[in-house]
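See structure below.
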Amino acid sequence: MTQPPLSRQLKDLEDELGKKLLIRGSKKVTLTEDGMLLRKRAEEMIDLMEKTKAELTSSDENISGEIYIGGGETDAVSLFAQTAGKLQKKYPQIHYHIYSGDAEIVMEKLDKGLIDFGLLVGPVDVSRYDYMRLPVNDIWGVLMRKDAPLAEKDVICAEDLWDKPLILSHQAYSGSDISVWLGKDAHRLNVVMTYNLIYNAAHFVKTGFGYAITLDKLINTTGNSELRFRPLYPTLEAGLCIVWKKYQVFSRASKQFLNQLRAEFGWESHIL
């Protein structure tokens, strides 16, 4: 498309929406805040359209399609991998897409229909979803340098951390079981950093920047690792839930995935 009709169509779109979408400079054009929102929503609609097309083209005889999964950082993702591995042998044309994020991000994508299943960690209100609670829990603890003073302890108590530089997840910082366990509001502690993904935060831990409160088995602390993990005491566990939208109309691929999940954990009922 040449420049004049493109500019005219963009101007017509701005007039229709009653919003300025572009900032037109002498050498470049950038999006306004409303323009960025429109782009985000357009990308979500296109993703949903492609997802729907893939679901409709799948047949009963040869099940194929895309399965979209969102989840927090947890070793329990291995259960999804185990389920997908078994299903792949039977239906090799099913493909998987994994999105990582905290509970808020996962539930937002689930509500918009952009993912089929969410894996939620910790105390989250799942009343508006159908769900299965997993028969396993994650353990909270502290990730630190192997030469840190607290690394000499077998377990970490709340008082051990009150005067330490802490690295907390966004969810823990805004209020969670961690705040209750610590015995102090996060804003009264020396929180030097918050994180979304512990993999990135672990690089800061390696430099001695602070002590990260995180779940076990997410970062390798064995062998020649510079890091050590010590569990909290009293023990603090994080429950795990697999959730999906109520009254969800599943694609053939998603239906088979959920049935396989139920079989893995011993649930007898299936989505028919």
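Labels used: A, B, ... for chains in the order of the structure tokens, numbers from 1 for residues in each chain, and numbers from 1 for ligands as shown.
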
### Query
Counting only C-alpha atoms, what is within 7 Å of stretch 202-206 of chain A, bar same-chain residues fewer than 2 positions away, as a ChimeraX atom specification?
/A:144-145,198-200,208-212,226-227

Dump as CSV the rows for residues of stretch 104-131 of chain A within 10 Å of stretch 66-83 of chain A: closest atom pair and distance in Å with one decimal, only C-alpha atoms counted, ordered by chain and rising residue number.
residue,atom,partner,partner_atom,distance
A:Glu104,CA,A:Gly72,CA,9.8
A:Ile105,CA,A:Gly70,CA,8.5
A:Val106,CA,A:Gly70,CA,5.5
A:Met107,CA,A:Gly70,CA,8.5
A:Lys109,CA,A:Gly70,CA,7.9
A:Leu110,CA,A:Gly70,CA,8.1
A:Gly113,CA,A:Tyr68,CA,9.6
A:Leu114,CA,A:Tyr68,CA,7.3
A:Ile115,CA,A:Tyr68,CA,4.5
A:Asp116,CA,A:Tyr68,CA,5.3
A:Phe117,CA,A:Ile69,CA,5.0
A:Gly118,CA,A:Gly70,CA,4.7
A:Leu119,CA,A:Gly71,CA,4.4
A:Leu120,CA,A:Gly71,CA,6.1
A:Val121,CA,A:Gly72,CA,6.4
A:Gly122,CA,A:Gly72,CA,9.7

### Task
Please provide the set of residues having any atom within 8 Å of stretch 236-245 of chain A, restricted to only C-alpha atoms, with same-chain residues fewer than 2 positions apart removed, written as a ChimeraX atom specification.
/A:76,110-111,116-123,126,128-134,136-140,181,232-234,247-248

Using only N, CA, C and O atoms, please write the residues we just selected to a file, as a compact mmCIF listing (two decimals), in the first residue's frame.
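Produced file again_10.txt, reproduced below:
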# COMPACT_ATOMS: atom_id res chain seq x y z
N ALA A 76 6.29 -28.25 38.97
CA ALA A 76 5.10 -29.02 38.56
C ALA A 76 4.83 -28.91 37.06
O ALA A 76 4.03 -29.70 36.53
N LEU A 110 -6.30 -16.44 30.39
CA LEU A 110 -7.34 -17.45 30.44
C LEU A 110 -8.71 -16.81 30.22
O LEU A 110 -9.54 -17.33 29.45
N ASP A 111 -8.97 -15.70 30.87
CA ASP A 111 -10.26 -15.01 30.75
C ASP A 111 -10.51 -14.53 29.33
O ASP A 111 -11.66 -14.47 28.88
N ASP A 116 -5.68 -22.23 27.05
CA ASP A 116 -6.68 -23.25 27.40
C ASP A 116 -6.61 -23.64 28.87
O ASP A 116 -7.65 -23.89 29.49
N PHE A 117 -5.39 -23.70 29.41
CA PHE A 117 -5.19 -24.15 30.79
C PHE A 117 -4.19 -23.24 31.49
O PHE A 117 -3.26 -22.72 30.87
N GLY A 118 -4.39 -23.09 32.77
CA GLY A 118 -3.44 -22.34 33.58
C GLY A 118 -2.97 -23.17 34.75
O GLY A 118 -3.75 -23.94 35.32
N LEU A 119 -1.71 -23.03 35.10
CA LEU A 119 -1.15 -23.68 36.28
C LEU A 119 -0.83 -22.58 37.28
O LEU A 119 0.08 -21.78 37.07
N LEU A 120 -1.60 -22.53 38.36
CA LEU A 120 -1.49 -21.46 39.35
C LEU A 120 -0.78 -21.97 40.60
O LEU A 120 -1.03 -23.09 41.05
N VAL A 121 0.06 -21.13 41.15
CA VAL A 121 0.87 -21.49 42.32
C VAL A 121 0.45 -20.62 43.50
O VAL A 121 0.32 -19.40 43.38
N GLY A 122 0.23 -21.28 44.65
CA GLY A 122 -0.02 -20.53 45.86
C GLY A 122 -1.49 -20.24 46.09
O GLY A 122 -2.37 -20.74 45.38
N PRO A 123 -1.78 -19.38 47.07
CA PRO A 123 -3.16 -19.08 47.44
C PRO A 123 -3.82 -18.15 46.44
O PRO A 123 -3.64 -16.93 46.49
N VAL A 126 -9.75 -19.45 42.94
CA VAL A 126 -10.06 -20.13 41.68
C VAL A 126 -11.54 -20.42 41.55
O VAL A 126 -11.95 -21.22 40.72
N ARG A 128 -13.96 -18.92 40.25
CA ARG A 128 -14.64 -18.64 38.99
C ARG A 128 -14.20 -19.58 37.87
O ARG A 128 -14.62 -19.41 36.72
N TYR A 129 -13.35 -20.56 38.19
CA TYR A 129 -12.88 -21.52 37.19
C TYR A 129 -13.26 -22.94 37.58
O TYR A 129 -13.59 -23.22 38.73
N ASP A 130 -13.21 -23.82 36.59
CA ASP A 130 -13.14 -25.25 36.89
C ASP A 130 -11.67 -25.56 37.13
O ASP A 130 -10.79 -24.95 36.51
N TYR A 131 -11.41 -26.49 38.02
CA TYR A 131 -10.01 -26.71 38.38
C TYR A 131 -9.79 -28.10 38.95
O TYR A 131 -10.73 -28.80 39.35
N MET A 132 -8.52 -28.47 38.98
CA MET A 132 -8.06 -29.68 39.68
C MET A 132 -6.89 -29.28 40.56
O MET A 132 -5.96 -28.62 40.09
N ARG A 133 -6.95 -29.65 41.82
CA ARG A 133 -5.80 -29.41 42.70
C ARG A 133 -4.83 -30.58 42.55
O ARG A 133 -5.23 -31.74 42.58
N LEU A 134 -3.57 -30.25 42.39
CA LEU A 134 -2.56 -31.29 42.20
C LEU A 134 -2.19 -31.91 43.55
O LEU A 134 -2.19 -31.23 44.58
N VAL A 136 0.48 -32.56 44.80
CA VAL A 136 1.86 -32.21 45.18
C VAL A 136 1.90 -30.73 45.55
O VAL A 136 1.05 -29.95 45.11
N ASN A 137 2.86 -30.35 46.35
CA ASN A 137 3.06 -28.96 46.72
C ASN A 137 4.51 -28.56 46.46
O ASN A 137 5.41 -29.41 46.47
N ASP A 138 4.72 -27.28 46.23
CA ASP A 138 6.07 -26.74 46.14
C ASP A 138 6.50 -26.24 47.52
O ASP A 138 5.66 -25.89 48.36
N ILE A 139 7.80 -26.19 47.74
CA ILE A 139 8.36 -25.75 49.02
C ILE A 139 9.05 -24.40 48.84
O ILE A 139 9.87 -24.22 47.94
N TRP A 140 8.71 -23.45 49.73
CA TRP A 140 9.37 -22.15 49.71
C TRP A 140 10.71 -22.21 50.46
O TRP A 140 10.85 -22.97 51.42
N TRP A 181 4.31 -15.30 56.70
CA TRP A 181 5.38 -16.12 57.27
C TRP A 181 6.51 -15.23 57.80
O TRP A 181 7.07 -15.49 58.86
N LEU A 232 12.46 -22.84 54.19
CA LEU A 232 11.98 -22.03 55.31
C LEU A 232 11.54 -22.93 56.46
O LEU A 232 11.14 -24.06 56.27
N TYR A 233 11.64 -22.36 57.68
CA TYR A 233 11.14 -23.05 58.86
C TYR A 233 10.42 -22.05 59.75
O TYR A 233 11.00 -20.99 60.05
N PRO A 234 9.18 -22.33 60.15
CA PRO A 234 8.39 -23.51 59.83
C PRO A 234 8.16 -23.64 58.32
O PRO A 234 8.13 -22.64 57.61
N TYR A 247 -17.60 -23.78 31.79
CA TYR A 247 -18.41 -23.93 30.57
C TYR A 247 -17.56 -23.80 29.31
O TYR A 247 -18.05 -23.38 28.26
N GLN A 248 -16.29 -24.17 29.45
CA GLN A 248 -15.36 -24.10 28.33
C GLN A 248 -15.76 -25.08 27.23
O GLN A 248 -16.06 -26.25 27.50

### Message
Taking only stretch 29-179 of chain A into account, list the residues labelled helix (DSSP H, G or I) by DSSP (computed from the backbone), as an MDAnalysis selection string.
### Response
chainID A and resid 33:56 77:90 103:111 149:152 158:161 170:173 177:179

### Task
Could you tell me, as a list in words, which residues of stretch 149-236 of chain A DSSP assigns to strand (DSSP E) when given the backbone?
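After running DSSP on the backbone, stretch 149-236 of chain A has strand (DSSP E) at Leu166, Ile167, Leu168, Ser169, Val191, Val192, Met193, Thr194, Tyr195, Tyr211, Ala212, Ile213, Thr214, Leu215, Leu227, Arg228, Phe229, Arg230 and Pro231 of chain A.
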
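Using only C-alpha atoms for every distance, the candidate list A:Gln88, A:Gln171, A:Pro231, A:Asn224 yields A:Pro231 as the residue closest to A:Ala151.
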
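Here atom CA of A:Met36 stands at a distance of 17.5 Å from atom CA of A:Ser7.
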